[in-house]
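File shown: structure.cif (mmCIF, C-alpha atoms).
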data_protein
#
loop_
_atom_site.label_atom_id
_atom_site.label_comp_id
_atom_site.auth_asym_id
_atom_site.auth_seq_id
_atom_site.Cartn_x
_atom_site.Cartn_y
_atom_site.Cartn_z
CA MET T 147 13.78 139.88 262.80
CA ASP T 148 16.79 142.16 263.25
CA ASN T 149 16.45 144.52 260.30
CA GLN T 150 19.97 145.88 260.67
CA LEU T 151 21.37 142.35 260.54
CA LEU T 152 19.38 141.65 257.38
CA LEU T 153 20.77 144.79 255.73
CA GLU T 154 24.33 143.88 256.74
CA ARG T 155 24.04 140.36 255.37
CA MET T 156 22.42 141.69 252.20
CA ALA T 157 25.33 144.12 251.79
CA CYS T 158 27.86 141.30 252.18
CA CYS T 159 26.11 139.27 249.50
CA THR T 160 25.83 142.27 247.20
CA GLU T 161 29.56 142.89 247.53
CA TRP T 162 30.26 139.27 246.63
CA GLN T 163 28.18 139.48 243.45
CA ILE T 164 29.74 142.77 242.33
CA ARG T 165 33.28 141.79 243.31
CA ASN T 166 33.18 138.53 241.36
CA GLN T 167 31.48 139.77 238.19
CA VAL T 168 33.59 139.73 235.04
CA THR T 169 34.02 143.39 234.01
CA ASP T 170 37.02 143.42 231.63
CA ARG T 171 35.98 144.89 228.25
CA GLN T 172 38.47 142.58 226.54
CA ASP T 173 36.79 139.49 227.99
CA ALA T 174 33.82 137.96 226.17
CA ASN T 175 32.57 136.76 229.56
CA ARG T 176 31.94 140.36 230.62
CA GLY T 177 28.79 140.53 232.72
CA ARG T 178 28.87 136.94 234.02
CA PHE T 179 29.03 136.04 237.71
CA ILE T 180 30.37 132.99 239.53
CA ARG T 181 27.91 130.14 239.07
CA SER T 182 29.61 127.69 241.43
CA TYR T 183 32.86 127.58 243.33
CA ASP T 184 34.43 125.00 245.62
CA GLN T 185 37.22 126.16 247.90
CA ALA T 186 38.85 122.76 248.40
CA THR T 187 39.12 121.84 244.73
CA GLY T 188 39.26 125.32 243.21
CA HIS T 189 36.54 124.27 240.78
CA LEU T 190 34.85 127.41 239.41
CA ILE T 191 32.41 128.00 236.57
CA LEU T 192 30.61 131.14 235.45
CA THR T 193 26.89 131.81 235.12
CA GLY T 194 25.00 130.99 231.95
CA ASN T 195 21.76 132.55 230.79
CA TRP T 196 19.42 132.00 233.73
CA GLN T 197 21.78 132.49 236.68
CA THR T 198 23.06 135.68 235.07
CA GLY T 199 19.42 136.72 234.92
CA THR T 200 18.53 135.85 238.51
CA ALA T 201 21.62 137.62 239.86
CA LEU T 202 20.70 140.65 237.74
CA MET T 203 17.14 140.78 239.08
CA ALA T 204 18.27 140.36 242.69
CA LEU T 205 20.75 143.22 242.29
CA LEU T 206 17.99 145.44 240.91
CA ALA T 207 15.97 144.79 244.08
CA VAL T 208 18.95 145.87 246.16
CA TYR T 209 19.27 148.95 243.96
CA ARG T 210 15.60 149.78 244.58
CA LEU T 211 16.19 149.46 248.32
CA THR T 212 19.56 151.19 248.64
CA GLY T 213 20.06 153.32 245.53
CA ASP T 214 23.61 151.94 245.18
CA PRO T 215 24.48 152.75 241.52
CA ARG T 216 26.97 149.87 241.38
CA CYS T 217 24.03 147.46 241.51
CA LEU T 218 22.44 149.04 238.45
CA ASP T 219 25.78 149.09 236.61
CA ALA T 220 26.35 145.40 237.38
CA ALA T 221 22.81 144.59 236.26
CA GLU T 222 23.32 146.32 232.93
CA LEU T 223 26.60 144.48 232.35
CA ALA T 224 24.76 141.23 233.05
CA GLY T 225 21.99 142.23 230.67
CA ARG T 226 24.48 142.87 227.89
CA TYR T 227 25.90 139.37 228.38
CA ILE T 228 22.41 137.93 228.14
CA MET T 229 21.81 139.85 224.90
CA SER T 230 25.03 138.36 223.48
CA LEU T 231 23.42 134.93 223.88
CA GLN T 232 20.32 135.82 221.86
CA VAL T 233 19.90 134.54 218.30
CA MET T 234 19.47 137.65 216.14
CA ASP T 235 19.32 136.16 212.63
CA SER T 236 15.73 136.77 211.50
CA ALA T 237 16.06 133.97 208.92
CA ASP T 238 16.80 131.44 211.66
CA LYS T 239 14.00 129.37 213.20
CA TYR T 240 15.54 130.18 216.58
CA TYR T 241 15.37 133.93 216.06
CA GLY T 242 14.88 135.36 219.55
CA ALA T 243 16.02 132.29 221.47
CA ILE T 244 18.59 132.77 224.25
CA ARG T 245 21.40 130.24 224.27
CA GLU T 246 22.17 128.38 227.50
CA LEU T 247 25.77 129.23 228.37
CA THR T 248 27.78 131.08 225.73
CA PRO T 249 27.16 132.47 222.24
CA GLN T 250 28.45 129.12 220.93
CA SER T 251 25.97 126.94 222.84
CA LEU T 252 23.73 124.71 220.75
CA GLU T 253 21.19 124.18 223.52
CA PHE T 254 18.84 126.04 225.79
CA ALA T 255 16.23 125.03 228.31
CA PRO T 256 13.12 127.16 227.73
CA ARG T 257 12.74 127.72 231.49
CA ASP T 258 16.37 128.83 231.79
CA ALA T 259 16.12 131.13 228.79
CA THR T 260 12.93 132.57 230.25
CA SER T 261 14.81 133.73 233.36
CA ALA T 262 17.32 135.48 231.11
CA ALA T 263 14.56 137.26 229.17
CA TRP T 264 12.78 137.99 232.44
CA ALA T 265 15.86 139.91 233.59
CA LEU T 266 15.65 142.06 230.46
CA VAL T 267 12.06 142.94 231.33
CA TRP T 268 13.19 144.17 234.73
CA LEU T 269 16.12 146.08 233.23
CA TYR T 270 13.64 147.90 231.04
CA THR T 271 11.42 148.62 234.04
CA PHE T 272 14.34 150.14 235.94
CA THR T 273 16.08 151.99 233.11
CA GLY T 274 13.37 152.79 230.56
CA ASP T 275 15.73 151.61 227.81
CA GLU T 276 13.44 150.03 225.22
CA THR T 277 16.29 147.91 223.86
CA TYR T 278 15.79 145.57 226.79
CA LEU T 279 12.03 145.36 226.30
CA ARG T 280 12.38 144.69 222.56
CA ARG T 281 14.79 141.84 223.27
CA ALA T 282 12.45 140.34 225.89
CA ILE T 283 9.52 140.58 223.47
CA LEU T 284 11.61 138.97 220.74
CA PHE T 285 12.22 136.02 223.05
CA ALA T 286 8.58 135.82 224.09
CA GLU T 287 7.39 135.70 220.49
CA PHE T 288 9.80 132.85 219.77
CA HIS T 289 8.85 131.07 223.00
CA LEU T 290 5.11 131.25 222.31
CA LYS T 291 5.58 129.94 218.78
CA TYR T 292 8.10 127.16 219.32
CA CYS T 293 8.41 126.40 223.04
CA MET T 294 4.77 126.00 224.14
CA CYS T 295 2.61 122.91 223.65
CA GLU T 296 -1.01 122.92 224.81
CA GLY T 297 -0.39 125.61 227.40
CA TRP T 298 2.87 124.32 228.86
CA PRO T 299 6.53 125.00 227.96
CA LEU T 300 8.86 122.39 226.52
CA TYR T 301 11.66 120.84 228.55
CA ALA T 302 14.86 121.41 226.53
CA CYS T 303 15.73 122.50 222.99
CA TYR T 304 18.75 121.76 220.80
CA MET T 305 19.65 123.95 217.84
CA THR T 306 21.00 121.09 215.76
CA THR T 307 19.38 118.34 213.70
CA GLU T 308 21.65 115.79 215.39
CA LEU T 309 19.76 116.01 218.71
CA ASP T 310 16.05 115.84 219.42
CA ASP T 311 14.32 118.21 221.82
CA PHE T 312 13.10 116.98 225.21
CA LEU T 313 9.32 117.35 225.25
CA ALA T 314 8.29 116.23 228.75
CA ARG T 315 6.34 118.59 230.99
CA GLY T 316 8.34 119.59 234.08
CA SER T 317 6.77 121.22 237.14
CA PHE T 318 9.74 123.61 237.27
CA GLN T 319 8.38 125.34 234.17
CA SER T 320 5.63 126.94 236.27
CA GLY T 321 7.46 130.22 236.91
CA THR T 322 7.32 130.93 233.17
CA GLY T 323 3.82 132.25 233.74
CA LEU T 324 5.15 134.99 236.01
CA PHE T 325 7.58 136.07 233.29
CA TYR T 326 4.63 136.51 230.96
CA TYR T 327 2.77 138.49 233.63
CA ASP T 328 5.73 140.83 234.16
CA LEU T 329 6.18 141.18 230.40
CA PHE T 330 2.50 142.08 230.06
CA MET T 331 2.86 144.72 232.78
CA ALA T 332 5.81 146.21 230.88
CA SER T 333 4.38 145.94 227.34
CA LYS T 334 0.60 145.97 227.99
CA ASP T 335 0.18 143.28 225.32
CA PRO T 336 -2.70 141.05 226.57
CA ARG T 337 -1.54 138.09 224.45
CA TYR T 338 1.06 137.41 227.11
CA ILE T 339 -1.75 136.75 229.57
CA ALA T 340 -4.07 134.88 227.21
CA SER T 341 -1.36 132.60 225.77
CA GLY T 342 1.18 132.75 228.60
CA LEU T 343 0.08 133.28 232.20
CA ARG T 344 -3.47 131.92 232.07
CA PRO T 345 -2.85 128.49 230.48
CA ILE T 346 0.29 127.95 232.57
CA ALA T 347 -1.51 128.88 235.80
CA ASP T 348 -4.51 126.68 234.95
CA ASN T 349 -2.38 123.70 233.96
CA TYR T 350 -0.18 124.06 237.04
CA ARG T 351 -3.24 123.96 239.30
CA LYS T 352 -4.74 121.03 237.44
CA TYR T 353 -1.75 118.81 236.85
CA PHE T 354 1.13 119.62 239.17
CA ILE T 355 -0.03 120.41 242.73
CA ARG T 356 -1.48 117.47 244.64
CA GLU T 357 -4.16 117.81 247.30
CA ASP T 358 -1.53 117.47 250.05
CA GLY T 359 0.48 120.30 248.46
CA SER T 360 3.35 118.19 247.14
CA LEU T 361 4.40 118.60 243.53
CA VAL T 362 4.18 116.23 240.60
CA GLN T 363 7.65 116.50 239.12
CA GLU T 364 7.12 115.48 235.53
CA ARG T 365 4.38 114.48 233.10
CA GLU T 366 4.36 113.02 229.61
CA ILE T 367 4.06 115.55 226.79
CA PHE T 368 0.78 114.43 225.17
CA THR T 369 -0.93 112.14 227.69
CA TRP T 370 -0.12 114.27 230.75
CA ALA T 371 0.56 110.96 232.51
CA GLU T 372 2.61 111.34 235.68
CA LYS T 373 6.18 110.06 235.56
CA PRO T 374 7.68 108.44 238.68
CA GLY T 375 9.56 110.80 240.98
CA ALA T 376 12.86 110.36 242.79
CA ALA T 377 11.41 108.32 245.64
CA GLU T 378 9.61 105.94 243.27
CA GLN T 379 12.83 105.47 241.31
CA GLY T 380 14.76 104.53 244.44
CA HIS T 381 16.98 107.61 244.57
CA THR T 382 18.46 108.33 247.99
CA SER T 383 18.03 112.11 247.84
CA PRO T 384 14.83 113.97 246.91
CA ASN T 385 14.56 115.65 243.55
CA MET T 386 15.50 119.32 243.88
CA HIS T 387 12.28 120.53 242.29
CA ALA T 388 10.18 118.69 244.86
CA PHE T 389 11.15 121.58 247.15
CA ASN T 390 12.24 124.32 244.73
CA ASP T 391 9.17 125.03 242.59
CA ASP T 392 11.02 127.58 240.44
CA PHE T 393 8.54 130.30 241.42
CA GLY T 394 5.27 128.60 240.67
CA ALA T 395 3.84 129.93 243.95
CA PRO T 396 4.34 133.65 243.14
CA MET T 397 3.09 132.90 239.63
CA LEU T 398 -0.21 131.70 241.13
CA TRP T 399 -0.16 134.72 243.48
CA ALA T 400 -0.05 137.01 240.43
CA ALA T 401 -2.79 135.01 238.70
CA ALA T 402 -5.05 135.35 241.74
CA GLY T 403 -4.74 139.12 241.68
CA LEU T 404 -5.10 139.55 237.95
CA PHE T 405 -8.00 137.13 237.48
CA GLY T 406 -9.77 137.99 240.74
CA ASP T 407 -9.81 134.32 241.77
CA GLU T 408 -8.43 133.48 245.21
CA GLU T 409 -8.33 129.77 244.36
CA TYR T 410 -5.06 130.32 242.50
CA ARG T 411 -3.42 131.66 245.66
CA LEU T 412 -5.04 128.98 247.85
CA THR T 413 -3.60 126.31 245.55
CA ALA T 414 -0.15 127.82 246.01
CA LEU T 415 -0.79 127.93 249.76
CA ARG T 416 -1.11 124.14 249.77
CA PHE T 417 2.41 123.84 248.40
CA VAL T 418 3.79 126.48 250.77
CA ARG T 419 2.32 124.66 253.78
CA TRP T 420 3.69 121.36 252.50
CA LEU T 421 7.09 123.00 252.10
CA ALA T 422 6.99 124.34 255.65
CA ALA T 423 6.34 120.84 256.94
CA HIS T 424 8.99 119.06 254.86
CA LEU T 425 11.82 121.50 254.13
CA PRO T 426 13.53 121.48 257.57
CA GLY T 427 14.40 117.81 257.22
CA ASN T 428 15.45 117.98 253.57
CA TRP T 429 17.01 121.39 252.98
CA GLU T 430 20.59 120.10 252.66
CA HIS T 431 19.55 118.29 249.48
CA THR T 432 18.03 121.49 248.12
CA PRO T 433 19.74 124.51 249.71
CA SER T 434 18.16 126.89 247.17
CA ALA T 435 14.75 126.07 248.65
CA VAL T 436 15.72 127.75 251.94
CA PRO T 437 15.73 131.37 250.65
CA MET T 438 12.85 130.54 248.32
CA GLY T 439 10.88 129.09 251.22
CA LEU T 440 11.78 132.10 253.36
CA MET T 441 10.11 134.40 250.82
CA TYR T 442 7.04 132.17 250.58
CA PHE T 443 6.64 131.73 254.34
CA ASN T 444 6.89 135.48 254.76
CA ASP T 445 4.49 136.48 251.98
CA PHE T 446 1.86 133.79 252.48
CA GLY T 447 2.22 133.81 256.26
CA ASN T 448 1.55 137.53 256.43
CA TYR T 449 -1.24 137.46 253.85
CA TYR T 450 -3.18 134.64 255.54
CA GLN T 451 -1.95 135.39 259.08
CA ASP T 452 -0.80 131.77 259.25
CA GLN T 453 1.25 131.30 262.41
CA GLU T 454 2.75 128.01 261.28
CA LEU T 455 4.14 129.71 258.18
CA LEU T 456 5.47 132.63 260.20
CA THR T 457 7.19 130.16 262.54
CA ALA T 458 8.66 128.41 259.48
CA ARG T 459 9.88 131.82 258.32
CA GLU T 460 11.93 132.17 261.50
CA TRP T 461 13.45 128.74 260.98
CA ALA T 462 14.25 129.48 257.33
CA LEU T 463 15.84 132.82 258.17
CA GLY T 464 18.07 131.24 260.81
CA ALA T 465 19.06 128.45 258.44
CA LEU T 466 19.81 130.92 255.66
CA LEU T 467 22.00 133.16 257.78
CA ASN T 468 23.96 130.10 258.88
CA MET T 469 24.55 129.23 255.23
CA GLN T 470 26.36 132.49 254.46
CA TYR T 471 30.16 132.44 254.28
CA LEU T 472 31.71 135.24 256.30
CA ASP T 473 35.33 136.14 257.14
CA ARG T 474 36.84 133.07 255.46
CA GLY T 475 39.58 135.12 253.80
CA ASP T 476 38.51 134.05 250.32
CA PRO T 477 37.02 136.81 248.11
CA LYS T 478 35.35 134.16 245.93
CA LEU T 479 33.59 132.77 249.01
CA ASP T 480 32.93 135.55 251.52
CA GLY T 481 29.40 136.91 251.26
CA ALA T 482 27.97 134.06 249.19
CA PHE T 483 25.74 131.24 250.45
CA LYS T 484 26.39 127.55 250.58
CA GLY T 485 24.77 125.85 247.62
CA ARG T 486 24.65 122.63 245.68
CA TYR T 487 28.10 121.25 244.81
CA GLU T 488 28.69 121.05 241.05
CA GLY T 489 32.20 119.58 241.04
CA ALA T 490 33.24 116.01 240.39
CA ALA T 491 31.92 113.34 242.74
CA GLY T 492 34.25 111.73 245.24
CA VAL T 493 36.93 114.45 245.20
CA PRO T 494 38.50 114.80 248.68
CA GLY T 495 37.12 117.91 250.37
CA GLY T 496 34.74 118.65 247.53
CA GLY T 497 31.49 120.16 248.68
CA ALA T 498 32.60 121.08 252.19
CA ARG T 499 32.86 124.77 251.34
CA CYS T 500 31.03 125.33 248.07
CA LEU T 501 28.63 127.93 246.79
CA ASN T 502 26.10 128.09 244.03
CA ASN T 503 24.64 131.29 242.61
CA ARG T 504 21.18 129.75 242.49
CA THR T 505 21.09 129.81 246.29
CA THR T 506 23.02 133.09 246.55
CA SER T 507 20.79 135.08 244.18
CA TYR T 508 17.65 133.75 245.85
CA ALA T 509 19.16 134.66 249.22
CA LEU T 510 19.91 138.19 248.04
CA ILE T 511 16.36 138.82 246.83
CA ALA T 512 14.96 137.24 250.01
CA LEU T 513 17.06 139.49 252.25
CA ALA T 514 16.05 142.57 250.25
CA LYS T 515 12.37 141.63 250.55
CA LEU T 516 12.54 141.02 254.28
CA ALA T 517 14.75 144.02 255.03
CA GLY T 518 12.71 146.63 253.18
CA ASP T 519 9.85 145.00 251.26
CA PRO T 520 10.49 147.27 248.25
CA GLU T 521 7.77 147.61 245.61
CA ASN T 522 8.07 146.80 241.91
CA ILE T 523 10.88 144.26 242.08
CA TRP T 524 11.29 140.72 240.84
CA LEU T 525 9.08 138.38 242.95
CA GLY T 526 7.65 141.33 244.86
CA ALA T 527 4.37 140.63 246.64
CA ARG T 528 3.60 144.37 246.80
CA ASN T 529 4.15 145.21 243.15
CA SER T 530 1.73 147.58 241.44
CA PRO T 531 -1.39 145.75 240.22
CA PHE T 532 -2.79 145.95 236.72
CA VAL T 533 -5.28 148.78 236.21
CA ASP T 534 -7.33 148.84 233.01
CA PRO T 535 -6.82 152.32 231.48
CA LEU T 536 -10.56 152.45 230.80
CA THR T 537 -11.17 152.87 234.53
CA LEU T 538 -9.09 156.05 234.50
CA GLY T 539 -11.43 157.80 232.12
CA PRO T 540 -11.33 158.66 228.40
CA HIS T 541 -8.15 159.75 226.70
CA LEU T 542 -7.96 163.39 225.72
CA LEU T 543 -7.26 163.09 222.00
CA LYS T 544 -5.68 166.03 220.19
CA TYR T 545 -6.38 164.80 216.65
#

For this file, produce the structure as structure tokens.
Amino acid sequence: MDNQLLLERMACCTEWQIRNQVTDRQDANRGRFIRSYDQATGHLILTGNWQTGTALMALLAVYRLTGDPRCLDAAELAGRYIMSLQVMDSADKYYGAIRELTPQSLEFAPRDATSAAWALVWLYTFTGDETYLRRAILFAEFHLKYCMCEGWPLYACYMTTELDDFLARGSFQSGTGLFYYDLFMASKDPRYIASGLRPIADNYRKYFIREDGSLVQEREIFTWAEKPGAAEQGHTSPNMHAFNDDFGAPMLWAAAGLFGDEEYRLTALRFVRWLAAHLPGNWEHTPSAVPMGLMYFNDFGNYYQDQELLTAREWALGALLNMQYLDRGDPKLDGAFKGRYEGAAGVPGGGARCLNNRTTSYALIALAKLAGDPENIWLGARNSPFVDPLTLGPHLLKY
């Protein structure tokens, strides 16, 4: 890998994120980034809770690597937007919840809201400002009380009596466990392991990763019965979350280290190997899985010295670099990565040159990890492990 090239491409992507963030103090969108943009149609929408969070966390990794203060400033602006989405009425059942798109939204997906709260954890870690940690804890307390059922998060929630919540169990919820791990590392509250990471990790191993490494997409809420996937339903394109596991693999990586049980990581390895075998022929349906796969192939390939995964890493890196828009003369395009089209179907030219911040944020964190492998970042494989304070000796008490 050409490290200088990685740094240059990372810088281009960083510039795109910062350049296209809303920064006007008079604009209630302040802190949001571009979620998706299509050059042919001009269709553009801004990030909601989770994509604001993932962009924030990726920028913090770049800040750790480069020290560029603009990345920290942009991350804090994004964090303030996320906080504007949080329900702060203590008399409300949804106290602590983080709305999906704007402060007026009536809905939120627990997994999406988790990424927003996750970003606040990392803002606290980088800044030491306890406001961010308190807000993340507020969300976690709500999430544990109202968004978990028998050790697995709910699918979607609606803050109105006119609509019922979606209760199915989606495989994409798996990354929630890593949020609880990072929150535990920031707060040192073991409940976030006992009621968050551990049941999610155990249920993910038991119910969602098949022996061949492929993922079960969805299960019924109370029976845990498997629902038919895209192929069984006759869809022409694979379901996105067949390839994008929403960070279940690094969640199991963290569980393996914390619980001292390598089987968690070996279970994730099954999926990573499956992904390496199937992603090259399917990536155009799920472009966000390319940077995600790049991180997995790198981390698991190096850890297990798996040559097939390291070869897949080279393919994924080449594919990712080819997905980046460069020198197109469009400031809303240059530096970002091609992603899933979110405009109307059948529009002439739609989708030919489009971006999506899901792919772009994942690409930014992937480039930062490969270029410098910084410690103590979102999705970092070299983050500081948990150390029980008891092993450091007794506290010297003054009173």

So that I can check the surroundings of Asp480 of chain T, please list as a ChimeraX atom specification every protein, DNA and RNA residue that reaches within 12 Å of it, counting only C-alpha atoms and ignoring chain neighbours fewer than 4 positions away. /T:155,157-163,165-166,183,185,469-476,484,499-501,506

Name the residues in contact with segment 314-317 of chain T at a cut-off of 7 Å, using only C-alpha atoms, excluding same-chain residues fewer than 5 positions from it; report them as a VMD selection string. chain T and resid 300 to 301 354 362 to 367

Limited to C-alpha atoms, could you put the picked residues into a file as an mmCIF file, in the frame of the given file?
data_model
loop_
_atom_site.group_PDB
_atom_site.id
_atom_site.type_symbol
_atom_site.label_atom_id
_atom_site.label_comp_id
_atom_site.auth_asym_id
_atom_site.auth_seq_id
_atom_site.Cartn_x
_atom_site.Cartn_y
_atom_site.Cartn_z
ATOM 1 C CA LEU T 300 8.860 122.390 226.520
ATOM 2 C CA TYR T 301 11.660 120.840 228.550
ATOM 3 C CA PHE T 354 1.130 119.620 239.170
ATOM 4 C CA VAL T 362 4.180 116.230 240.600
ATOM 5 C CA GLN T 363 7.650 116.500 239.120
ATOM 6 C CA GLU T 364 7.120 115.480 235.530
ATOM 7 C CA ARG T 365 4.380 114.480 233.100
ATOM 8 C CA GLU T 366 4.360 113.020 229.610
ATOM 9 C CA ILE T 367 4.060 115.550 226.790
#

Expand the PyMOL selection byres ((chain T and resi 518) around 10) into the explicit residue set it covers here, and present it as a list in words.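 Output from the PyMOL selection byres ((chain T and resi 518) around 10), applied to this file: Asn149, Leu152, Leu153, Ala207, Val208, Arg210, Leu211, Thr212, Leu513, Ala514, Lys515, Leu516, Ala517, Asp519, Pro520 and Glu521 of chain T.
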
Length of the atom CA of Ile244 of chain T to atom CA of Ala512 of chain T vector [Å]: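 Separating atom CA of Ile244 of chain T from atom CA of Ala512 of chain T is a distance of 26.4 Å.
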
With only C-alpha atoms as the counted atoms, please give the residues lying no more than 6 Å from segment 319-336 of chain T, apart from itself and same-chain residues fewer than 6 positions off, as a PDB file with C-alpha atoms, in the frame of the given file.
ATOM      1  CA  ARG T 257      12.740 127.720 231.490  1.00  0.00           C
ATOM      2  CA  TRP T 264      12.780 137.990 232.440  1.00  0.00           C
ATOM      3  CA  GLY T 342       1.180 132.750 228.600  1.00  0.00           C
ATOM      4  CA  LEU T 343       0.080 133.280 232.200  1.00  0.00           C
ATOM      5  CA  ILE T 346       0.290 127.950 232.570  1.00  0.00           C
ATOM      6  CA  ASP T 392      11.020 127.580 240.440  1.00  0.00           C
ATOM      7  CA  PHE T 393       8.540 130.300 241.420  1.00  0.00           C
ATOM      8  CA  GLY T 394       5.270 128.600 240.670  1.00  0.00           C
ATOM      9  CA  MET T 397       3.090 132.900 239.630  1.00  0.00           C
TER      10      MET T 397
END

What residues come out when you apply the PyMOL selection byres ((chain T and resi 502) around 9) to this file, written as a list in words?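 Expected selection for the PyMOL selection byres ((chain T and resi 502) around 9) here is Ile180, Arg181, Ser182, Tyr183, Ser434, Ala482, Phe483, Lys484, Gly485, Arg486, Tyr487, Glu488, Cys500, Leu501, Asn503, Arg504, Thr505, Thr506 and Ser507 of chain T.
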
Could you give me, as a PyMOL selection string, the residues within 8 Å of Ala401 of chain T, counting all atoms listed in the file and dropping anything in the same chain fewer than 5 positions from it? chain T and resi 343-344+347+406-407+410-411

What residues come out when you apply the PyMOL selection byres ((chain T and resi 202) around 12) to this file, written as a PyMOL selection string? chain T and resi 160+163-164+167+177-179+193+195-201+203-209+216-228+261-269+272+503-504+506-508+510-511+523-524

Output of the above residues as a CSV table (one decimal), keeping the file's coordinate frame, restricted to C-alpha atoms:
chain,number,residue,atom,x,y,z
T,160,THR,CA,25.8,142.3,247.2
T,163,GLN,CA,28.2,139.5,243.4
T,164,ILE,CA,29.7,142.8,242.3
T,167,GLN,CA,31.5,139.8,238.2
T,177,GLY,CA,28.8,140.5,232.7
T,178,ARG,CA,28.9,136.9,234.0
T,179,PHE,CA,29.0,136.0,237.7
T,193,THR,CA,26.9,131.8,235.1
T,195,ASN,CA,21.8,132.6,230.8
T,196,TRP,CA,19.4,132.0,233.7
T,197,GLN,CA,21.8,132.5,236.7
T,198,THR,CA,23.1,135.7,235.1
T,199,GLY,CA,19.4,136.7,234.9
T,200,THR,CA,18.5,135.8,238.5
T,201,ALA,CA,21.6,137.6,239.9
T,203,MET,CA,17.1,140.8,239.1
T,204,ALA,CA,18.3,140.4,242.7
T,205,LEU,CA,20.8,143.2,242.3
T,206,LEU,CA,18.0,145.4,240.9
T,207,ALA,CA,16.0,144.8,244.1
T,208,VAL,CA,19.0,145.9,246.2
T,209,TYR,CA,19.3,149.0,244.0
T,216,ARG,CA,27.0,149.9,241.4
T,217,CYS,CA,24.0,147.5,241.5
T,218,LEU,CA,22.4,149.0,238.4
T,219,ASP,CA,25.8,149.1,236.6
T,220,ALA,CA,26.4,145.4,237.4
T,221,ALA,CA,22.8,144.6,236.3
T,222,GLU,CA,23.3,146.3,232.9
T,223,LEU,CA,26.6,144.5,232.4
T,224,ALA,CA,24.8,141.2,233.0
T,225,GLY,CA,22.0,142.2,230.7
T,226,ARG,CA,24.5,142.9,227.9
T,227,TYR,CA,25.9,139.4,228.4
T,228,ILE,CA,22.4,137.9,228.1
T,261,SER,CA,14.8,133.7,233.4
T,262,ALA,CA,17.3,135.5,231.1
T,263,ALA,CA,14.6,137.3,229.2
T,264,TRP,CA,12.8,138.0,232.4
T,265,ALA,CA,15.9,139.9,233.6
T,266,LEU,CA,15.6,142.1,230.5
T,267,VAL,CA,12.1,142.9,231.3
T,268,TRP,CA,13.2,144.2,234.7
T,269,LEU,CA,16.1,146.1,233.2
T,272,PHE,CA,14.3,150.1,235.9
T,503,ASN,CA,24.6,131.3,242.6
T,504,ARG,CA,21.2,129.8,242.5
T,506,THR,CA,23.0,133.1,246.6
T,507,SER,CA,20.8,135.1,244.2
T,508,TYR,CA,17.6,133.8,245.8
T,510,LEU,CA,19.9,138.2,248.0
T,511,ILE,CA,16.4,138.8,246.8
T,523,ILE,CA,10.9,144.3,242.1
T,524,TRP,CA,11.3,140.7,240.8

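Between atom CA of Gly297 of chain T and atom CA of Val533 of chain T lies a distance of 25.3 Å.
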
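Each of T:Arg356, T:His424, T:Arg528, T:Arg281 was checked against Glu372 of chain T using only C-alpha atoms; the smallest atom-to-atom distance is that of T:Arg356.
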
Working from the structure I just supplied, which lacks atoms in segment 521-531 of chain T, can you model N, CA and C atoms there and output them as a JSON list (two decimals), in the coordinates of the input?
[["chain", "number", "residue", "atom", "x", "y", "z"],
["T", 521, "GLU", "N", 8.78, 147.85, 246.63],
["T", 521, "GLU", "CA", 7.77, 147.61, 245.61],
["T", 521, "GLU", "C", 8.41, 147.54, 244.23],
["T", 522, "ASN", "N", 7.69, 146.87, 243.33],
["T", 522, "ASN", "CA", 8.07, 146.80, 241.91],
["T", 522, "ASN", "C", 9.47, 146.24, 241.72],
["T", 523, "ILE", "N", 9.65, 145.03, 242.25],
["T", 523, "ILE", "CA", 10.88, 144.26, 242.08],
["T", 523, "ILE", "C", 10.50, 142.86, 241.62],
["T", 524, "TRP", "N", 11.48, 142.12, 241.18],
["T", 524, "TRP", "CA", 11.29, 140.72, 240.84],
["T", 524, "TRP", "C", 10.77, 139.95, 242.06],
["T", 525, "LEU", "N", 9.69, 139.20, 241.90],
["T", 525, "LEU", "CA", 9.08, 138.38, 242.95],
["T", 525, "LEU", "C", 8.44, 139.21, 244.06],
["T", 526, "GLY", "N", 8.23, 140.49, 243.82],
["T", 526, "GLY", "CA", 7.65, 141.33, 244.86],
["T", 526, "GLY", "C", 6.17, 141.05, 245.07],
["T", 527, "ALA", "N", 5.78, 140.87, 246.33],
["T", 527, "ALA", "CA", 4.37, 140.63, 246.64],
["T", 527, "ALA", "C", 3.58, 141.93, 246.70],
["T", 528, "ARG", "N", 4.27, 143.07, 246.71],
["T", 528, "ARG", "CA", 3.60, 144.37, 246.80],
["T", 528, "ARG", "C", 3.76, 145.17, 245.51],
["T", 529, "ASN", "N", 3.98, 144.50, 244.41],
["T", 529, "ASN", "CA", 4.15, 145.21, 243.15],
["T", 529, "ASN", "C", 2.83, 145.84, 242.70],
["T", 530, "SER", "N", 2.93, 146.87, 241.90],
["T", 530, "SER", "CA", 1.73, 147.58, 241.44],
["T", 530, "SER", "C", 0.83, 146.65, 240.65],
["T", 531, "PRO", "N", -0.47, 146.62, 240.95],
["T", 531, "PRO", "CA", -1.39, 145.75, 240.22],
["T", 531, "PRO", "C", -1.75, 146.34, 238.86]]
